[in-house]
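Asks: One structure follows; several queries about it will come next.
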Amino acid sequence: MSSLVGPDEDDPRGKPAVPEDVQDAIKTLIRWSGDDPTREGLLDTPARVARAWKEYCVGYEEDPATHLSRVFEEVGGYDEIVLLKDIPFQSHCEHHMAPIIGRAHIAYLPTDFVVGISKLARVLHGFARRLQVQERLTAQVAQCIWDNLHPHGVAVVIEAEHACMTARGVRTPGVGMVTSRMMGVFREDQRSRKEVLSLMGFG
Ligand SMILES: [Zn+2]
């Protein structure tokens, strides 16, 4: 029966233990925010928050480049752009530890081999599940593909909303930030750049 339902959020059994000092830090934050960490509804919150942060930042436990180690050389002479569009992702900004929620478009122009298309998304998530700034996330994804697939070109465009801007500070919902990183032919050749951007749905 229990296999039919998802893991119980409130059941601590089988979950990694959260060190006392980590829980204390979150209790301090709750107190700092104006609430009482000893009231019933907040009792399990420190451990839950701590585990959630391990998940948000699980990217620190992997090297995203490993996703690009298995390549396919049988490409049947394919020598056009490979594009993975509209990949949803979540990250957290390193300035406020607030969510960054967005979509990425990742393209490359292969030389002699390609990777499984889902691997591009895995590279993105590997870097996104850390504390980030959007500019660096964009650059890291592009650089990783460039270094490991040795393509003729890489183009990465990321559109995202930052909760630190939409939920606090200037509180401007709906404002997106767009960053891009072009390498190889997409940087050097105007026509290639135009082509990849139009495939991504820009211009
Ligand atoms: Zn921020």
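Please note that chains go A, B, ... in the order of the structure tokens, that every chain numbers its residues from 1, and that ligands are numbered from 1 in the order shown.
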Hey, which residues come within 7 Å of ligand 1 if we count only C-alpha atoms and all ligand atoms? Could you give them as a list in words?
Replies: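 Using only C-alpha atoms and all ligand atoms, everything at most 7 Å from ligand 1 comes to Cys93, Glu94, His95, His96, Met97, Ala98, His162, Cys164 and Met165 of chain A.
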Asks: Please produce a file of those selected residues containing N, CA and C atoms, as a PDB file, in the first residue's frame.
Replies:
```pdb
ATOM      1  N   CYS A  93      19.653  32.363  -5.761  1.00  0.00           N
ATOM      2  CA  CYS A  93      20.650  33.424  -5.914  1.00  0.00           C
ATOM      3  C   CYS A  93      21.570  33.441  -4.692  1.00  0.00           C
ATOM      4  N   GLU A  94      22.830  33.679  -4.971  1.00  0.00           N
ATOM      5  CA  GLU A  94      23.805  33.629  -3.887  1.00  0.00           C
ATOM      6  C   GLU A  94      23.766  34.883  -3.021  1.00  0.00           C
ATOM      7  N   HIS A  95      23.055  35.905  -3.465  1.00  0.00           N
ATOM      8  CA  HIS A  95      23.011  37.141  -2.676  1.00  0.00           C
ATOM      9  C   HIS A  95      21.936  37.105  -1.602  1.00  0.00           C
ATOM     10  N   HIS A  96      20.799  36.431  -1.906  1.00  0.00           N
ATOM     11  CA  HIS A  96      19.692  36.388  -0.944  1.00  0.00           C
ATOM     12  C   HIS A  96      19.257  34.963  -0.615  1.00  0.00           C
ATOM     13  N   MET A  97      19.840  33.984  -1.274  1.00  0.00           N
ATOM     14  CA  MET A  97      19.419  32.584  -1.170  1.00  0.00           C
ATOM     15  C   MET A  97      17.930  32.456  -1.499  1.00  0.00           C
ATOM     16  N   ALA A  98      17.478  33.286  -2.411  1.00  0.00           N
ATOM     17  CA  ALA A  98      16.072  33.284  -2.840  1.00  0.00           C
ATOM     18  C   ALA A  98      15.974  32.546  -4.178  1.00  0.00           C
ATOM     19  N   HIS A 162      13.732  36.351 -10.558  1.00  0.00           N
ATOM     20  CA  HIS A 162      14.465  36.245  -9.299  1.00  0.00           C
ATOM     21  C   HIS A 162      13.549  36.662  -8.156  1.00  0.00           C
ATOM     22  N   CYS A 164      14.231  37.357  -5.255  1.00  0.00           N
ATOM     23  CA  CYS A 164      14.776  38.466  -4.460  1.00  0.00           C
ATOM     24  C   CYS A 164      14.338  39.803  -5.035  1.00  0.00           C
ATOM     25  N   MET A 165      13.894  39.777  -6.310  1.00  0.00           N
ATOM     26  CA  MET A 165      13.417  41.014  -6.923  1.00  0.00           C
ATOM     27  C   MET A 165      11.893  41.077  -6.957  1.00  0.00           C
TER      28      MET A 165
END
```
Asks: Tell me which protein, DNA and RNA residues are within 12 Å of Met182 (chain A), counting only C-alpha atoms, leaving out same-chain ones fewer than 5 positions away, and put them as a list in words.
Replies: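 The neighbour list is His105, Ile106, Ala107, Tyr108, Leu109, Thr138, Ala139, Gln140, Val141, Ala142, Gln143, Ile145, Trp146, His152, Gly153, Val154, Ala155, Val156, Val157, Ile158, Arg187, Glu188, Asp189, Gln190, Ser192, Arg193, Lys194, Val196 and Leu197 of chain A.
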Asks: Using only C-alpha atoms for the distances, tell me which of A:Phe113, A:Phe127, A:Tyr56, A:Phe202 is nearest to Val71 (chain A).
Replies: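 Comparing A:Phe113, A:Phe127, A:Tyr56, A:Phe202 against Val71 (chain A), the winner is A:Phe113.
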Asks: Could you give me the residues within region 59-104 of chain A that DSSP places in strand (DSSP E or B), as a ChimeraX atom specification?
Replies: /A:71-72,82-93,99-104
Asks: Restricting the output to N, CA and C atoms, write the selected residues as a short mmCIF file (atom, residue, chain, number, x, y, z; two decimals), in the first residue's frame.
Replies:
```
data_model
loop_
_atom_site.label_atom_id
_atom_site.label_comp_id
_atom_site.auth_asym_id
_atom_site.auth_seq_id
_atom_site.Cartn_x
_atom_site.Cartn_y
_atom_site.Cartn_z
N VAL A 71 29.23 9.82 -25.51
CA VAL A 71 28.83 10.49 -26.75
C VAL A 71 28.50 9.47 -27.84
N PHE A 72 27.74 9.92 -28.82
CA PHE A 72 27.38 9.07 -29.95
C PHE A 72 28.07 9.59 -31.20
N VAL A 82 22.01 21.53 -32.85
CA VAL A 82 21.19 20.73 -31.92
C VAL A 82 20.73 21.68 -30.83
N LEU A 83 19.42 21.73 -30.61
CA LEU A 83 18.88 22.69 -29.64
C LEU A 83 17.92 22.03 -28.67
N LEU A 84 18.12 22.27 -27.39
CA LEU A 84 17.14 21.86 -26.38
C LEU A 84 16.53 23.16 -25.85
N LYS A 85 15.21 23.28 -26.08
CA LYS A 85 14.53 24.55 -25.85
C LYS A 85 13.66 24.51 -24.60
N ASP A 86 13.49 25.67 -23.96
CA ASP A 86 12.50 25.79 -22.86
C ASP A 86 12.70 24.79 -21.74
N ILE A 87 13.92 24.62 -21.29
CA ILE A 87 14.18 23.69 -20.18
C ILE A 87 13.88 24.43 -18.87
N PRO A 88 12.85 23.98 -18.14
CA PRO A 88 12.57 24.65 -16.87
C PRO A 88 13.64 24.31 -15.83
N PHE A 89 14.00 25.26 -15.03
CA PHE A 89 14.99 24.98 -13.99
C PHE A 89 14.72 25.86 -12.78
N GLN A 90 15.31 25.46 -11.65
CA GLN A 90 15.28 26.28 -10.45
C GLN A 90 16.68 26.39 -9.89
N SER A 91 16.97 27.56 -9.38
CA SER A 91 18.25 27.78 -8.75
C SER A 91 18.00 28.71 -7.56
N HIS A 92 19.08 29.10 -6.88
CA HIS A 92 18.94 30.08 -5.79
C HIS A 92 20.03 31.12 -5.92
N CYS A 93 19.65 32.36 -5.76
CA CYS A 93 20.65 33.42 -5.91
C CYS A 93 21.57 33.44 -4.69
N PRO A 99 14.79 31.98 -4.48
CA PRO A 99 14.66 31.20 -5.71
C PRO A 99 14.88 32.02 -6.99
N ILE A 100 15.51 31.35 -7.94
CA ILE A 100 15.59 31.84 -9.32
C ILE A 100 14.82 30.79 -10.11
N ILE A 101 13.78 31.21 -10.82
CA ILE A 101 12.97 30.24 -11.56
C ILE A 101 12.94 30.67 -13.01
N GLY A 102 13.33 29.74 -13.89
CA GLY A 102 13.40 30.17 -15.27
C GLY A 102 13.43 29.03 -16.27
N ARG A 103 13.78 29.43 -17.49
CA ARG A 103 13.90 28.48 -18.60
C ARG A 103 15.20 28.73 -19.32
N ALA A 104 15.78 27.64 -19.79
CA ALA A 104 17.03 27.76 -20.51
C ALA A 104 16.89 27.17 -21.91
#
```
Asks: Restricting the calculation to only C-alpha atoms: of A:Ser198, A:Gln23, A:Ser180, A:Thr172, which residue gets closest to Pro37 (chain A)?
Replies: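 Closest residue, counting only C-alpha atoms: A:Gln23.
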Asks: Give me the residues near Pro173 (chain A) as a PDB file with N, CA and C atoms, in the first residue's frame, where near means some atom within 12 Å (using only C-alpha atoms) and where sequence neighbours in that chain fewer than 2 positions away do not count.
Replies:
```pdb
ATOM      1  N   ALA A 160      14.961  34.192 -16.640  1.00  0.00           N
ATOM      2  CA  ALA A 160      14.557  33.791 -15.293  1.00  0.00           C
ATOM      3  C   ALA A 160      13.998  34.952 -14.486  1.00  0.00           C
ATOM      4  N   GLU A 161      13.158  34.580 -13.527  1.00  0.00           N
ATOM      5  CA  GLU A 161      12.674  35.544 -12.546  1.00  0.00           C
ATOM      6  C   GLU A 161      13.391  35.288 -11.229  1.00  0.00           C
ATOM      7  N   HIS A 162      13.732  36.351 -10.558  1.00  0.00           N
ATOM      8  CA  HIS A 162      14.465  36.245  -9.299  1.00  0.00           C
ATOM      9  C   HIS A 162      13.549  36.662  -8.156  1.00  0.00           C
ATOM     10  N   ALA A 163      13.307  35.728  -7.250  1.00  0.00           N
ATOM     11  CA  ALA A 163      12.399  36.028  -6.136  1.00  0.00           C
ATOM     12  C   ALA A 163      12.932  37.169  -5.275  1.00  0.00           C
ATOM     13  N   CYS A 164      14.231  37.357  -5.255  1.00  0.00           N
ATOM     14  CA  CYS A 164      14.776  38.466  -4.460  1.00  0.00           C
ATOM     15  C   CYS A 164      14.338  39.803  -5.035  1.00  0.00           C
ATOM     16  N   MET A 165      13.894  39.777  -6.310  1.00  0.00           N
ATOM     17  CA  MET A 165      13.417  41.014  -6.923  1.00  0.00           C
ATOM     18  C   MET A 165      11.893  41.077  -6.957  1.00  0.00           C
ATOM     19  N   THR A 166      11.259  39.871  -7.126  1.00  0.00           N
ATOM     20  CA  THR A 166       9.805  39.877  -7.268  1.00  0.00           C
ATOM     21  C   THR A 166       9.095  39.840  -5.914  1.00  0.00           C
ATOM     22  N   ALA A 167       9.744  39.289  -4.892  1.00  0.00           N
ATOM     23  CA  ALA A 167       9.072  39.102  -3.601  1.00  0.00           C
ATOM     24  C   ALA A 167       9.583  40.045  -2.516  1.00  0.00           C
ATOM     25  N   ARG A 168      10.663  40.747  -2.799  1.00  0.00           N
ATOM     26  CA  ARG A 168      11.197  41.689  -1.815  1.00  0.00           C
ATOM     27  C   ARG A 168      11.817  42.851  -2.595  1.00  0.00           C
ATOM     28  N   GLY A 169      12.475  43.737  -1.893  1.00  0.00           N
ATOM     29  CA  GLY A 169      13.130  44.848  -2.578  1.00  0.00           C
ATOM     30  C   GLY A 169      12.136  45.660  -3.393  1.00  0.00           C
ATOM     31  N   VAL A 170      12.376  45.762  -4.688  1.00  0.00           N
ATOM     32  CA  VAL A 170      11.484  46.591  -5.520  1.00  0.00           C
ATOM     33  C   VAL A 170      10.149  45.910  -5.814  1.00  0.00           C
ATOM     34  N   ARG A 171      10.016  44.621  -5.460  1.00  0.00           N
ATOM     35  CA  ARG A 171       8.754  43.868  -5.618  1.00  0.00           C
ATOM     36  C   ARG A 171       8.106  44.091  -6.975  1.00  0.00           C
ATOM     37  N   VAL A 175       8.964  40.500 -13.978  1.00  0.00           N
ATOM     38  CA  VAL A 175      10.150  41.019 -14.645  1.00  0.00           C
ATOM     39  C   VAL A 175      11.168  39.898 -14.788  1.00  0.00           C
ATOM     40  N   GLY A 176      11.534  39.618 -16.013  1.00  0.00           N
ATOM     41  CA  GLY A 176      12.488  38.552 -16.262  1.00  0.00           C
ATOM     42  C   GLY A 176      13.854  39.098 -16.616  1.00  0.00           C
ATOM     43  N   MET A 177      14.853  38.293 -16.333  1.00  0.00           N
ATOM     44  CA  MET A 177      16.212  38.676 -16.701  1.00  0.00           C
ATOM     45  C   MET A 177      16.694  37.691 -17.759  1.00  0.00           C
TER      46      MET A 177
END
```
Asks: Using the chain letters and numbers from this document, which residues of region 43-182 of chain A does DSSP assign to alpha helix (DSSP H), as a PyMOL selection string?
Replies: chain A and resi 45-56+118-128+134-149+163-166
Asks: Residues within 9 Å of Lys119 (chain A), please, as a ChimeraX atom specification. Count only C-alpha atoms; anything in the same chain fewer than 4 positions from it doesn't count.
Replies: /A:67-68,115,123-124
Asks: Just how far from CA of Thr45 (chain A) is CA of Ile26 (chain A), in Å to one decimal?
Replies: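 Separation of CA of Ile26 (chain A) and CA of Thr45 (chain A): 8.3 Å.
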Asks: Compare A:Leu131, A:Asp63, A:His150, A:Gly126 by their minimum atom-to-atom distance to Gly184 (chain A), counting only C-alpha atoms, and give me the closest one.
Replies: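 Of all the options, A:His150 lies closest to Gly184 (chain A).
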Asks: To one decimal in Å, tell me the separation between CA of Arg70 (chain A) and CA of Gly116 (chain A).
Replies: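 A separation of 8.1 Å between them.
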Asks: Compare A:Gly41, A:Gly34, A:Gly203, A:Pro46 by their minimum atom-to-atom distance to Val22 (chain A), counting only C-alpha atoms, and give me the closest one.
Replies: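 Smallest distance to Val22 (chain A) is found for A:Pro46.
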